[in-house]
Each structure stands twice: as C-alpha cells, then as structure tokens.
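Have a look at start.cif below; it lists mmCIF, C-alpha atoms.
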```cif
data_my_file
#
loop_
_atom_site.label_atom_id
_atom_site.label_comp_id
_atom_site.auth_asym_id
_atom_site.auth_seq_id
_atom_site.Cartn_x
_atom_site.Cartn_y
_atom_site.Cartn_z
CA MET M 27 -9.52 -31.70 -56.24
CA THR M 28 -9.47 -28.88 -58.76
CA GLU M 29 -9.69 -25.15 -58.51
CA SER M 30 -13.20 -25.27 -59.98
CA THR M 31 -14.43 -27.23 -56.95
CA PRO M 32 -13.22 -25.33 -53.88
CA VAL M 33 -13.45 -27.18 -50.60
CA ASP M 34 -15.96 -26.10 -47.97
CA TRP M 35 -14.20 -24.04 -45.29
CA GLU M 36 -15.11 -26.25 -42.35
CA LEU M 37 -14.16 -29.39 -44.29
CA ALA M 38 -10.82 -27.81 -45.25
CA ARG M 39 -10.02 -27.19 -41.57
CA THR M 40 -10.92 -30.79 -40.72
CA LEU M 41 -8.79 -32.22 -43.53
CA ALA M 42 -5.79 -30.14 -42.46
CA TYR M 43 -6.20 -31.17 -38.82
CA GLU M 44 -6.57 -34.87 -39.58
CA ALA M 45 -3.48 -34.78 -41.79
CA GLY M 46 -1.52 -33.21 -38.95
CA ARG M 47 -2.72 -35.74 -36.38
CA ALA M 48 -1.77 -38.62 -38.66
CA ALA M 49 1.74 -37.19 -39.11
CA ALA M 50 2.37 -36.14 -35.48
CA ARG M 51 5.81 -37.15 -34.30
CA GLY M 52 6.87 -38.65 -30.97
CA ALA M 53 7.62 -37.19 -27.57
CA GLU M 54 10.70 -35.76 -25.91
CA THR M 55 11.53 -34.97 -22.31
CA ILE M 56 12.63 -31.42 -21.58
CA PRO M 57 13.41 -29.35 -18.47
CA LEU M 58 10.39 -27.82 -16.82
CA ALA M 59 11.64 -24.27 -17.42
CA GLU M 60 11.68 -24.86 -21.20
CA ALA M 61 8.14 -26.26 -21.48
CA ASP M 62 6.15 -23.04 -22.00
CA GLY M 63 4.18 -23.27 -25.24
CA ARG M 64 4.75 -27.00 -25.67
CA THR M 65 2.15 -29.78 -25.55
CA LEU M 66 1.87 -32.52 -22.93
CA ALA M 67 2.64 -35.91 -24.46
CA GLU M 68 1.23 -37.76 -21.48
CA PRO M 69 -1.13 -36.86 -18.64
CA LEU M 70 0.26 -34.75 -15.82
CA ARG M 71 -0.43 -36.67 -12.60
CA THR M 72 0.34 -35.82 -9.02
CA LEU M 73 3.39 -37.47 -7.48
CA THR M 74 2.07 -36.95 -3.92
CA ASP M 75 -1.09 -35.72 -2.27
CA LEU M 76 -1.44 -31.96 -2.68
CA PRO M 77 -0.62 -30.66 -0.19
CA ALA M 78 1.63 -33.51 0.83
CA PHE M 79 1.20 -32.77 4.55
CA PRO M 80 -1.13 -30.70 6.76
CA THR M 81 -0.08 -27.10 6.20
CA SER M 82 -0.77 -23.96 8.20
CA SER M 83 -2.52 -21.16 6.34
CA ILE M 84 -1.75 -18.60 9.06
CA ASP M 85 0.81 -17.20 11.45
CA GLY M 86 -0.28 -18.12 14.94
CA TRP M 87 -0.45 -21.10 17.25
CA ALA M 88 -1.01 -24.82 16.79
CA VAL M 89 -2.78 -26.01 19.94
CA ARG M 90 -3.84 -29.29 21.52
CA GLY M 91 -6.93 -29.61 23.67
CA ALA M 92 -8.58 -26.79 25.62
CA GLY M 93 -6.81 -23.58 26.52
CA PRO M 94 -5.13 -21.66 27.81
CA TRP M 95 -2.08 -23.30 26.25
CA ARG M 96 1.53 -23.53 27.29
CA PRO M 97 4.01 -22.73 24.47
CA VAL M 98 6.52 -25.54 24.02
CA GLY M 99 8.26 -24.54 20.80
CA ARG M 100 8.10 -23.00 17.35
CA VAL M 101 7.40 -24.49 13.90
CA LEU M 102 8.70 -22.78 10.75
CA ALA M 103 8.13 -23.66 7.10
CA GLY M 104 10.48 -26.35 5.86
CA GLY M 105 10.77 -28.37 9.04
CA THR M 106 9.15 -31.51 10.46
CA PRO M 107 7.82 -30.70 13.95
CA PRO M 108 7.57 -33.17 16.82
CA PRO M 109 4.04 -34.18 17.89
CA LEU M 110 2.17 -32.21 20.52
CA THR M 111 2.30 -34.74 23.34
CA ALA M 112 -0.09 -33.29 25.92
CA ASP M 113 -3.38 -31.41 26.10
CA GLY M 114 -2.78 -27.77 26.93
CA ASP M 115 0.41 -27.54 24.87
CA CYS M 116 0.89 -25.30 21.84
CA VAL M 117 3.61 -24.23 19.44
CA GLU M 118 4.06 -20.99 17.56
CA ILE M 119 3.53 -21.75 13.85
CA ALA M 120 4.30 -19.87 10.62
CA THR M 121 2.33 -19.80 7.39
CA GLY M 122 3.30 -22.75 5.22
CA ALA M 123 4.67 -24.79 8.12
CA MET M 124 3.72 -28.41 8.75
CA VAL M 125 1.02 -28.75 11.41
CA PRO M 126 2.27 -30.96 14.26
CA GLU M 127 0.66 -34.32 14.85
CA HIS M 128 -2.11 -34.28 17.52
CA ALA M 129 -2.83 -30.55 17.03
CA THR M 130 -6.57 -29.96 17.40
CA ALA M 131 -6.80 -26.34 16.19
CA LEU M 132 -4.91 -23.33 14.88
CA ILE M 133 -5.30 -19.90 16.48
CA ARG M 134 -4.44 -16.80 14.47
CA ILE M 135 -1.92 -14.49 16.08
CA GLU M 136 -4.42 -11.61 15.85
CA ASP M 137 -7.05 -13.72 17.64
CA SER M 138 -4.76 -14.66 20.54
CA VAL M 139 -3.58 -13.12 23.80
CA THR M 140 -0.51 -14.11 25.80
CA GLY M 141 -1.03 -13.73 29.54
CA ALA M 142 1.39 -12.68 32.23
CA ASP M 143 2.04 -16.36 32.96
CA GLY M 144 3.12 -16.89 29.32
CA ARG M 145 0.08 -18.97 28.44
CA VAL M 146 -1.84 -18.36 25.22
CA SER M 147 -5.61 -17.83 25.06
CA GLY M 148 -7.82 -17.48 22.00
CA GLU M 149 -10.55 -18.95 19.86
CA PRO M 150 -10.11 -20.77 16.54
CA ARG M 151 -12.20 -19.50 13.66
CA THR M 152 -15.12 -21.52 12.31
CA LEU M 153 -13.27 -22.56 9.17
CA PRO M 154 -10.04 -24.48 9.85
CA ASP M 155 -6.89 -22.49 9.14
CA TRP M 156 -4.92 -25.38 7.72
CA ARG M 157 -4.84 -27.28 4.46
CA LEU M 158 -5.25 -31.03 4.69
CA PRO M 159 -3.30 -33.58 2.61
CA GLY M 160 -5.09 -34.21 -0.70
CA GLU M 161 -7.24 -31.09 -0.37
CA GLU M 162 -6.15 -29.93 -3.82
CA ALA M 163 -5.44 -33.31 -5.40
CA ASP M 164 -4.83 -36.92 -4.44
CA LEU M 165 -1.73 -38.96 -5.21
CA GLY M 166 -1.86 -40.13 -8.83
CA GLU M 167 -4.77 -37.86 -9.80
CA GLU M 168 -4.75 -36.64 -13.42
CA LEU M 169 -4.53 -32.87 -13.41
CA PHE M 170 -4.16 -32.26 -17.16
CA PRO M 171 -4.61 -34.73 -20.03
CA ALA M 172 -2.17 -35.41 -22.84
CA GLY M 173 -2.62 -32.78 -25.54
CA THR M 174 -2.82 -29.86 -23.10
CA ALA M 175 -0.95 -26.73 -24.17
CA VAL M 176 1.59 -25.92 -21.46
CA ASP M 177 1.56 -22.39 -20.07
CA PRO M 178 3.26 -20.80 -17.04
CA ALA M 179 0.40 -21.79 -14.73
CA ILE M 180 0.71 -25.45 -15.71
CA ILE M 181 4.47 -25.26 -15.25
CA GLY M 182 3.80 -23.96 -11.74
CA VAL M 183 1.45 -26.86 -11.01
CA ALA M 184 4.03 -29.35 -12.30
CA ALA M 185 6.69 -27.80 -10.08
CA THR M 186 4.34 -27.98 -7.09
CA CYS M 187 3.89 -31.68 -7.80
CA GLY M 188 7.66 -32.20 -7.80
CA TYR M 189 8.37 -32.50 -11.52
CA GLU M 190 11.73 -31.41 -12.90
CA THR M 191 11.03 -32.42 -16.52
CA LEU M 192 7.96 -32.88 -18.70
CA ALA M 193 7.25 -35.26 -21.58
CA VAL M 194 6.07 -33.06 -24.45
CA ARG M 195 5.30 -33.49 -28.13
CA SER M 196 8.13 -32.77 -30.53
CA ARG M 197 7.56 -29.29 -31.89
CA PRO M 198 7.00 -29.22 -35.67
CA SER M 199 9.50 -27.14 -37.60
CA ALA M 200 8.49 -24.63 -40.27
CA ALA M 201 10.19 -22.71 -43.05
CA MET M 202 8.85 -19.80 -45.05
CA LEU M 203 9.41 -18.93 -48.70
CA VAL M 204 8.38 -15.53 -50.04
CA PHE M 205 7.67 -15.54 -53.78
CA GLY M 206 7.56 -12.45 -55.98
CA ASP M 207 10.10 -10.38 -57.93
CA GLU M 208 7.98 -7.29 -57.27
CA LEU M 209 8.62 -7.34 -53.52
CA LEU M 210 10.90 -5.03 -51.60
CA THR M 211 12.48 -6.11 -48.33
CA ALA M 212 13.48 -2.63 -47.18
CA GLY M 213 12.30 0.94 -47.59
CA PRO M 214 8.93 2.34 -48.68
CA PRO M 215 6.99 0.99 -51.69
CA GLY M 216 7.02 2.79 -55.02
CA ALA M 217 7.79 2.59 -58.72
CA GLY M 218 5.59 -0.49 -59.18
CA ARG M 219 7.09 -2.45 -56.31
CA VAL M 220 5.49 -3.20 -52.94
CA ARG M 221 7.02 -3.91 -49.56
CA ASP M 222 6.87 -7.52 -48.42
CA SER M 223 4.71 -7.66 -45.27
CA LEU M 224 4.34 -11.44 -45.02
CA GLY M 225 7.99 -12.37 -44.53
CA PRO M 226 8.17 -10.30 -41.33
CA GLN M 227 4.76 -11.31 -39.92
CA VAL M 228 4.04 -14.95 -40.83
CA PRO M 229 6.81 -16.42 -38.62
CA GLY M 230 5.15 -14.82 -35.61
CA TRP M 231 1.82 -16.46 -36.45
CA LEU M 232 3.59 -19.81 -36.97
CA ARG M 233 5.23 -19.59 -33.56
CA ARG M 234 1.91 -18.73 -31.93
CA TYR M 235 0.39 -21.82 -33.54
CA GLY M 236 3.15 -24.00 -32.08
CA ALA M 237 5.81 -24.25 -34.79
CA ARG M 238 9.56 -23.74 -34.53
CA VAL M 239 10.54 -21.44 -37.41
CA GLU M 240 13.77 -22.60 -39.03
CA SER M 241 14.19 -20.09 -41.84
CA VAL M 242 12.63 -17.30 -43.88
CA THR M 243 13.83 -17.06 -47.48
CA GLY M 244 12.96 -14.61 -50.21
CA PRO M 245 11.93 -13.03 -52.31
CA VAL M 246 12.42 -16.13 -54.46
CA LYS M 247 12.77 -15.33 -58.16
CA ASP M 248 9.75 -15.91 -60.36
CA THR M 249 11.12 -18.95 -62.20
CA LEU M 250 10.22 -22.60 -61.87
CA THR M 251 13.86 -23.53 -61.23
CA ALA M 252 14.16 -21.01 -58.38
CA HIS M 253 10.91 -22.25 -56.86
CA LEU M 254 12.04 -25.88 -56.99
CA ASP M 255 15.44 -25.12 -55.50
CA ALA M 256 13.93 -23.08 -52.66
CA ILE M 257 11.27 -25.68 -51.80
CA ARG M 258 13.77 -28.56 -51.85
CA SER M 259 16.13 -26.64 -49.59
CA ALA M 260 13.33 -25.82 -47.14
CA LEU M 261 12.19 -29.45 -47.06
CA ASP M 262 15.63 -30.45 -45.79
CA THR M 263 14.86 -29.02 -42.34
CA ALA M 264 11.14 -28.28 -42.10
CA ASP M 265 8.05 -30.36 -41.43
CA LEU M 266 5.98 -27.53 -42.92
CA VAL M 267 6.91 -25.10 -45.68
CA CYS M 268 4.73 -22.00 -46.07
CA THR M 269 4.91 -20.11 -49.34
CA THR M 270 3.38 -16.75 -50.20
CA GLY M 271 1.92 -15.93 -53.59
CA GLY M 272 1.84 -18.03 -56.74
CA THR M 273 -1.25 -20.04 -55.75
CA MET M 274 -3.15 -19.17 -58.94
CA HIS M 275 -2.17 -20.03 -62.52
CA GLY M 276 -0.82 -16.74 -63.84
CA PRO M 277 2.25 -16.29 -66.06
CA VAL M 278 4.64 -16.12 -63.08
CA ASP M 279 2.78 -18.51 -60.76
CA HIS M 280 5.08 -21.52 -60.53
CA LEU M 281 3.87 -23.17 -57.33
CA HIS M 282 1.53 -25.72 -58.93
CA PRO M 283 4.12 -26.85 -61.53
CA ALA M 284 6.73 -27.10 -58.76
CA LEU M 285 4.44 -29.30 -56.65
CA ALA M 286 3.85 -31.56 -59.66
CA GLU M 287 7.60 -31.83 -60.20
CA LEU M 288 8.09 -32.76 -56.54
CA GLY M 289 5.46 -35.50 -56.63
CA ALA M 290 3.19 -33.70 -54.16
CA SER M 291 -0.44 -34.60 -53.54
CA TYR M 292 -3.08 -32.01 -52.70
CA LEU M 293 -4.94 -32.30 -49.43
CA VAL M 294 -6.81 -29.08 -50.18
CA ASN M 295 -6.65 -27.08 -53.41
CA THR M 296 -8.62 -23.83 -53.05
CA VAL M 297 -11.17 -23.21 -50.30
CA ALA M 298 -14.66 -21.73 -50.55
CA VAL M 299 -13.84 -18.77 -48.31
CA ARG M 300 -13.65 -15.02 -48.84
CA PRO M 301 -11.17 -13.45 -48.62
CA GLY M 302 -8.45 -16.03 -49.22
CA PHE M 303 -9.90 -18.32 -51.89
CA PRO M 304 -6.69 -19.39 -53.73
CA MET M 305 -4.96 -21.30 -50.92
CA LEU M 306 -3.69 -24.87 -50.83
CA LEU M 307 -2.23 -27.57 -48.62
CA ALA M 308 -0.15 -30.38 -50.11
CA ARG M 309 1.71 -33.41 -48.84
CA VAL M 310 5.27 -33.51 -50.26
CA PRO M 311 7.67 -36.48 -50.07
CA GLY M 312 10.66 -35.45 -47.97
CA PRO M 313 14.30 -36.20 -48.74
CA ASP M 314 14.39 -38.79 -45.93
CA GLY M 315 11.25 -40.58 -47.11
CA ARG M 316 9.04 -38.92 -44.48
CA ASP M 317 6.25 -36.77 -45.83
CA ARG M 318 6.32 -33.01 -45.29
CA PHE M 319 3.60 -30.41 -45.84
CA LEU M 320 3.49 -27.31 -48.00
CA ALA M 321 0.92 -24.59 -47.38
CA GLY M 322 0.45 -22.18 -50.26
CA LEU M 323 -0.71 -18.82 -48.93
CA PRO M 324 -2.11 -16.17 -51.28
CA GLY M 325 0.04 -13.11 -51.92
CA ASN M 326 -2.50 -10.60 -50.61
CA PRO M 327 -1.67 -10.08 -46.92
CA GLN M 328 -5.12 -10.51 -45.35
CA SER M 329 -5.87 -13.47 -47.60
CA ALA M 330 -2.58 -15.05 -46.51
CA VAL M 331 -3.56 -14.74 -42.84
CA ILE M 332 -6.95 -16.30 -43.59
CA ALA M 333 -5.11 -19.20 -45.22
CA LEU M 334 -3.03 -19.50 -42.06
CA VAL M 335 -6.07 -19.67 -39.77
CA THR M 336 -7.89 -22.01 -42.18
CA LEU M 337 -5.21 -24.56 -43.07
CA VAL M 338 -1.99 -23.98 -41.14
CA ALA M 339 -3.47 -23.56 -37.65
CA PRO M 340 -5.43 -26.88 -37.79
CA LEU M 341 -2.46 -28.68 -39.34
CA LEU M 342 -0.13 -27.50 -36.57
CA ALA M 343 -2.70 -28.37 -33.90
CA GLY M 344 -2.66 -31.91 -35.26
CA LEU M 345 1.12 -32.07 -35.56
CA ASN M 346 1.38 -30.88 -31.94
CA GLY M 347 -1.07 -33.53 -30.73
CA ARG M 348 -3.60 -30.94 -29.59
CA ALA M 349 -7.36 -30.94 -30.07
CA LEU M 350 -8.85 -28.65 -32.70
CA PRO M 351 -10.69 -26.16 -30.49
CA PRO M 352 -14.37 -25.51 -31.22
CA LEU M 353 -15.31 -22.04 -32.35
CA PRO M 354 -16.78 -19.91 -29.55
CA SER M 355 -20.04 -18.05 -30.12
CA VAL M 356 -20.39 -14.28 -29.91
CA THR M 357 -23.06 -11.70 -30.65
CA ALA M 358 -22.73 -9.77 -33.90
CA GLY M 359 -22.41 -6.09 -33.04
CA SER M 360 -23.69 -5.05 -36.48
CA ASP M 361 -24.78 -6.64 -39.74
CA VAL M 362 -22.23 -8.84 -41.54
CA ALA M 363 -22.89 -9.63 -45.20
CA GLY M 364 -22.69 -13.12 -46.62
CA ARG M 365 -20.56 -14.08 -49.61
CA GLY M 366 -22.94 -16.28 -51.58
CA GLY M 367 -21.72 -19.87 -51.71
CA PHE M 368 -18.55 -19.04 -49.79
CA THR M 369 -17.86 -18.79 -46.08
CA HIS M 370 -17.17 -15.18 -45.16
CA LEU M 371 -14.46 -14.55 -42.54
CA ALA M 372 -15.08 -10.97 -41.42
CA LEU M 373 -12.43 -9.31 -39.28
CA ALA M 374 -13.94 -8.09 -36.02
CA THR M 375 -13.07 -6.59 -32.66
CA LEU M 376 -14.42 -7.99 -29.39
CA ASP M 377 -15.82 -5.82 -26.63
CA VAL M 378 -14.17 -5.78 -23.21
CA ALA M 379 -16.32 -8.70 -22.03
CA GLY M 380 -15.46 -10.71 -25.15
CA HIS M 381 -19.13 -11.29 -25.94
CA THR M 382 -19.83 -8.94 -28.85
CA ALA M 383 -17.89 -8.78 -32.11
CA THR M 384 -18.02 -5.62 -34.21
CA PRO M 385 -16.74 -5.83 -37.81
CA ALA M 386 -13.55 -3.87 -38.43
CA GLY M 387 -12.80 -1.35 -41.17
CA HIS M 388 -9.96 -1.43 -43.71
CA VAL M 389 -10.43 -5.11 -44.46
CA GLY M 390 -9.56 -5.47 -48.15
CA SER M 391 -7.54 -8.53 -49.16
CA ALA M 392 -4.41 -6.39 -49.55
CA MET M 393 -4.94 -4.43 -46.32
CA LEU M 394 -3.47 -5.13 -42.89
CA ARG M 395 -4.81 -2.18 -40.87
CA GLY M 396 -8.07 -3.95 -40.09
CA LEU M 397 -6.23 -7.12 -39.10
CA ALA M 398 -3.98 -5.21 -36.71
CA ASN M 399 -7.05 -3.80 -34.93
CA SER M 400 -9.00 -7.08 -34.71
CA HIS M 401 -9.26 -10.04 -32.36
CA GLY M 402 -10.40 -12.55 -34.96
CA PHE M 403 -13.07 -13.32 -37.53
CA VAL M 404 -16.84 -13.55 -37.47
CA VAL M 405 -17.74 -16.69 -39.43
CA VAL M 406 -20.68 -16.33 -41.80
CA ARG M 407 -21.58 -19.66 -43.39
CA PRO M 408 -22.40 -20.03 -47.13
CA GLY M 409 -25.83 -18.86 -48.15
CA THR M 410 -26.38 -16.86 -44.97
CA GLN M 411 -25.76 -13.43 -43.51
CA ALA M 412 -25.55 -12.16 -39.95
CA ALA M 413 -27.75 -9.43 -38.52
CA ALA M 414 -26.86 -7.31 -35.51
CA GLY M 415 -27.75 -9.29 -32.39
CA ASP M 416 -27.38 -12.71 -34.03
CA THR M 417 -25.28 -15.38 -32.34
CA VAL M 418 -22.42 -16.21 -34.68
CA PRO M 419 -19.26 -18.38 -34.59
CA PHE M 420 -16.01 -16.53 -33.95
CA LEU M 421 -12.52 -17.63 -35.00
CA PRO M 422 -10.00 -15.95 -32.67
CA LEU M 423 -6.53 -14.95 -33.72
CA PRO M 424 -3.85 -16.79 -31.72
CA LEU M 425 -2.41 -15.63 -28.44
CA LEU M 426 1.16 -16.16 -27.34
CA PRO M 427 2.16 -19.82 -26.98
CA GLY M 428 0.33 -21.43 -24.10
CA GLU M 429 -1.43 -18.20 -23.13
CA ARG M 430 -5.07 -18.50 -22.06
CA PRO M 431 -7.68 -16.21 -23.58
#
```
Let me see whether you can do it: turn the structure in this file into structure tokens.
Amino acid sequence: MTESTPVDWELARTLAYEAGRAAARGAETIPLAEADGRTLAEPLRTLTDLPAFPTSSIDGWAVRGAGPWRPVGRVLAGGTPPPLTADGDCVEIATGAMVPEHATALIRIEDSVTGADGRVSGEPRTLPDWRLPGEEADLGEELFPAGTAVDPAIIGVAATCGYETLAVRSRPSAAMLVFGDELLTAGPPGAGRVRDSLGPQVPGWLRRYGARVESVTGPVKDTLTAHLDAIRSALDTADLVCTTGGTMHGPVDHLHPALAELGASYLVNTVAVRPGFPMLLARVPGPDGRDRFLAGLPGNPQSAVIALVTLVAPLLAGLNGRALPPLPSVTAGSDVAGRGGFTHLALATLDVAGHTATPAGHVGSAMLRGLANSHGFVVVRPGTQAAAGDTVPFLPLPLLPGERP
C-alpha cells in the first residue's frame, strides 16, 4: 500500500482487528478482585443452581399446612434448618435464609398476627415470597461467553456463582514514543514551541481500550538513529508501540525509514478519513521472534485520537479476544458535511437519552477543546453528507475499562 492509495476507513478498522485477533495471546488465571477490565478467556458458567437452595425473600414465617400455626423455631441466613414435620407448624424466618423442607408458604411479618395463645395467623401473598433453586440460572448454564469484557457487575455474578479466580485473556502491553524536537513537556507554549498534549493523554486512551501501558518516552530527537533506538527499546517490552508525529515524508519525518530499517510490513499505510489521514499500522519483527505492532499516529492532537479510534482500538479488541462492536445509530442533530472521497469523523455530543448527536465546535486537527466536550464521532461515509434528522452511524469514545455505556 502507498500513501497515494489510502485505505477505506471501514476496511482499515477491519484489517487492524483481524491482525489483532490473529496475534492474540493465551489466557491466564487471576484472582476475581483483579479481573475488572479484563476479557473472559472461557465462558462463565454456573457452578450450582442459582439460587442454590430455596431462599426467603422476606422477614416473616415459614408455615406448613393451614393456620393458625404453632412456632417451633427460628431460621436465620447461613444455616440449614430442619424440616417442618407437621401441619400447623411454623418457624420464624429471615430474609436470605433457607426455606425449610415441607414448608407450604411464607407469611410476611407485616401480614401476620400472633395471638394470645402464641399461634400465628396470616395470609400468604399471591406471588410466592421465596426464590426457588435455578430461578436465576441452572447448574452449568452459560452466563457470559468467552470474549466478554469483565466489569464489576460480572465480577459480582462470578462471586455469586462461587468463583475465586477467572480465566482471562493476557492483556496486551503498550509503549508510547513522542516524536518532535519542537515539543515542550512542561510550562506554556511559546517561542515557536508547543506543549506536548499526546504524551499525557494517549496512555489513558490505551488503558481504556484494554492495554497495559509499560512506558511513555519522549520527546525523541528528530534523527533516524534516535527513532530506531527508541523503537527497538520499546519493542523489548511492548506488544504495541504507538508513536506520535512523523507519519508523513517531511525533512524530519523518520518513521517510514525507521520501519524499513526494522523490516516492518505495513498493514495500513494512510487511511481515507478526515481528520487523521496520515496514520499507519505496521507489523514489526520483535527481538524474540514474535511479531509486534507499531501504530503511527499523526502529530496533530485530534488527528492522533482519530488514528487511535480507527486503528488502535480495533487492534486491541482483537488482541484482547473481544468482538469488534458494531457502530450504533443515532439521529444527526444538525447538518454534517461530507469530505468528498474520504470518511468524515465529526466530533459530536449526545443528548441525555443518547439518541441525538450534535456536532461539536472547536474541532480543528490541532484542537482538543471539541474532543473534551464530545462523546464520539458521527460517521459520514465517502461521497455523502448528513442532514439534520438523518440516521447516522456513531463511533463512541471509550469508557473506563469494563464500564457499560
């Protein structure tokens, strides 16, 4: 592929995802408490019926037969009660306690009366006040398939089932290299130099997409030797190296010559998307013989984020063994222009219901204000434009690891 034939945006996402799936590593078993944000390597199945035993949903009485009933004991959560042996017997029962064998009904405490003789009277409600074994799930039932992103709710389900550990996909590691002698790492910009905004922000995006960030290095000097040394060092520990800047062929753009020196092969070299056109994804032989990946992000901040959502997010989904999620549809809140033969990713904010996307302001390639106020991108395909009220695809920005939208 050459820079004169940019890859269609949707195809670029697919190529990145397929490369990640092909290179996904094995599984590891980790404690349940450490699983948030990881990916299930095998289906999560129940180890017992859920619930495992008949369970009271109320505080009240477990009764046998017709009333009034004679109290013969008390049942608290955590114990195994003896059976109710005779009609007319009852036991006081607490919420969460095991319902005794031979109980025929539960009576809520507020629906009962205790007479002078100590016997209990009352009427059960129409809907039973206990949970039956298997009501939520049967023994061996698959609750979540392999490839599911683990979040706190899933951890809770696993704990309910009795798990202490989970088999999860090995988390891909990432390193970041910031290129550019013109960049400042502290203080305000001025005198021809700009503050680096990608070094501080890209690691957060990488973590949200499921990577473990090993290092952030830079600014790397604008020489081929410095580029080669930095990339080789990053490849020692990282499955994915993200670089910023140098994706074109200017006088101080050394990324392409460095990739040639390293024997890399392009998976994607430039994408037909605006903003963000000069991005790339390459496969690089690693020092241990296992291939690594290098994602070249443009130097302009918004373009770099578009490269992340276009190439890095699908790659990491594949490396994590997750599915590439389909794009949801939303309603365009106002007109969104097309970009000729390129896909246009237009920053937009969703309404409270999440149904309507309104394009943001301050969205130049070098601007971050619009990004900080947006939920994602309206996707306008090549040769089209979106009018207010049209149904359009929407590419959301990532949430925290494992967090549901």
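Closest approach to M:Leu203 among M:Gly271, M:Pro311, M:Gly216, M:Gly160 is made by M:Gly271 (distances from only C-alpha atoms).
When the PyMOL selection byres ((chain M and resi 320-330) around 6) is evaluated against the file, it yields Leu266, Val267, Cys268, Thr269, Thr270, Gly271, Thr273, Pro301, Gly302, Met305, Leu306, Leu307, Ala308, Phe319, Val331, Ile332, Ala333, Ser391 and Ala392 of chain M.
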Exercise for the section: Just the residues within 7 Å of M:Thr243, please, counting all atoms listed in the file, with nothing from its chain fewer than 2 positions along; format it as number ranges by chain. Expected result: M: 202-204, 241, 245
Fill in the blank from the handout: The residue from M:Asp279, M:Glu54, M:Asp137, M:Asp143 with the smallest atom-to-atom distance to M:Phe205, counting only C-alpha atoms, is M:Asp279
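As for atom CA of M:Pro408 and atom CA of M:Gly366, they are spaced 5.8 Å apart.
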Practice task
Would you list the contacts of stretch 38-41 of chain M as a list in words, taking every protein, DNA or RNA residue within 7 Å and counting all atoms listed in the file, but skipping same-chain residues closer than 2 positions in sequence?
Solution key: Val33, Asp34, Trp35, Glu36, Tyr43, Glu44, Ala45, Val294, Val297, Thr336, Leu337 and Pro340 of chain M
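Take atom CA of M:Leu58 and atom CA of M:Gly166: the distance between them is 19.1 Å.
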Problem - Selection result for the PyMOL selection byres ((chain M and resi 422) around 9) on this file, as a list in words - result: Val335, Leu353, Pro354, His401, Gly402, Phe403, Val404, Phe420, Leu421, Leu423, Pro424 and Leu425 of chain M
Practice task
Run the PyMOL selection byres ((chain M and resi 251-256) around 8) mentally over the shown coordinates, then write out the matched residues as a ChimeraX atom specification, using the chain letters and numbers from the document.
Solution key: /M:203,243,246-250,257-260,280-281,284,288
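The space separating atom CA of M:Pro419 from atom CA of M:Ala383 comes to 10.0 Å.
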Selection: 10 Å around M:Pro108, all atoms listed in the file, excl. self and same-chain fewer than 4 positions, as a tab-separated table (two decimals) with C-alpha atoms, in the coordinates of the input:
```tsv
chain	number	residue	atom	x	y	z
M	99	GLY	CA	8.26	-24.54	20.80
M	101	VAL	CA	7.40	-24.49	13.90
M	125	VAL	CA	1.02	-28.75	11.41
M	126	PRO	CA	2.27	-30.96	14.26
M	127	GLU	CA	0.66	-34.32	14.85
M	128	HIS	CA	-2.11	-34.28	17.52
```
Practice task
Determine, counting all atoms listed in the file, which protein, DNA and RNA residues have an atom within 7 Å of an atom of M:Leu169; residues of the same chain fewer than 2 positions away are not included. Present the result as a PyMOL selection string.
Solution key: chain M and resi 70-71+167+171
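Residue nearest M:Ala163 within the list M:Ser196, M:Thr121, M:Thr140, M:Thr72: M:Thr72 [criterion: smallest interatomic distance, all atoms listed in the file].
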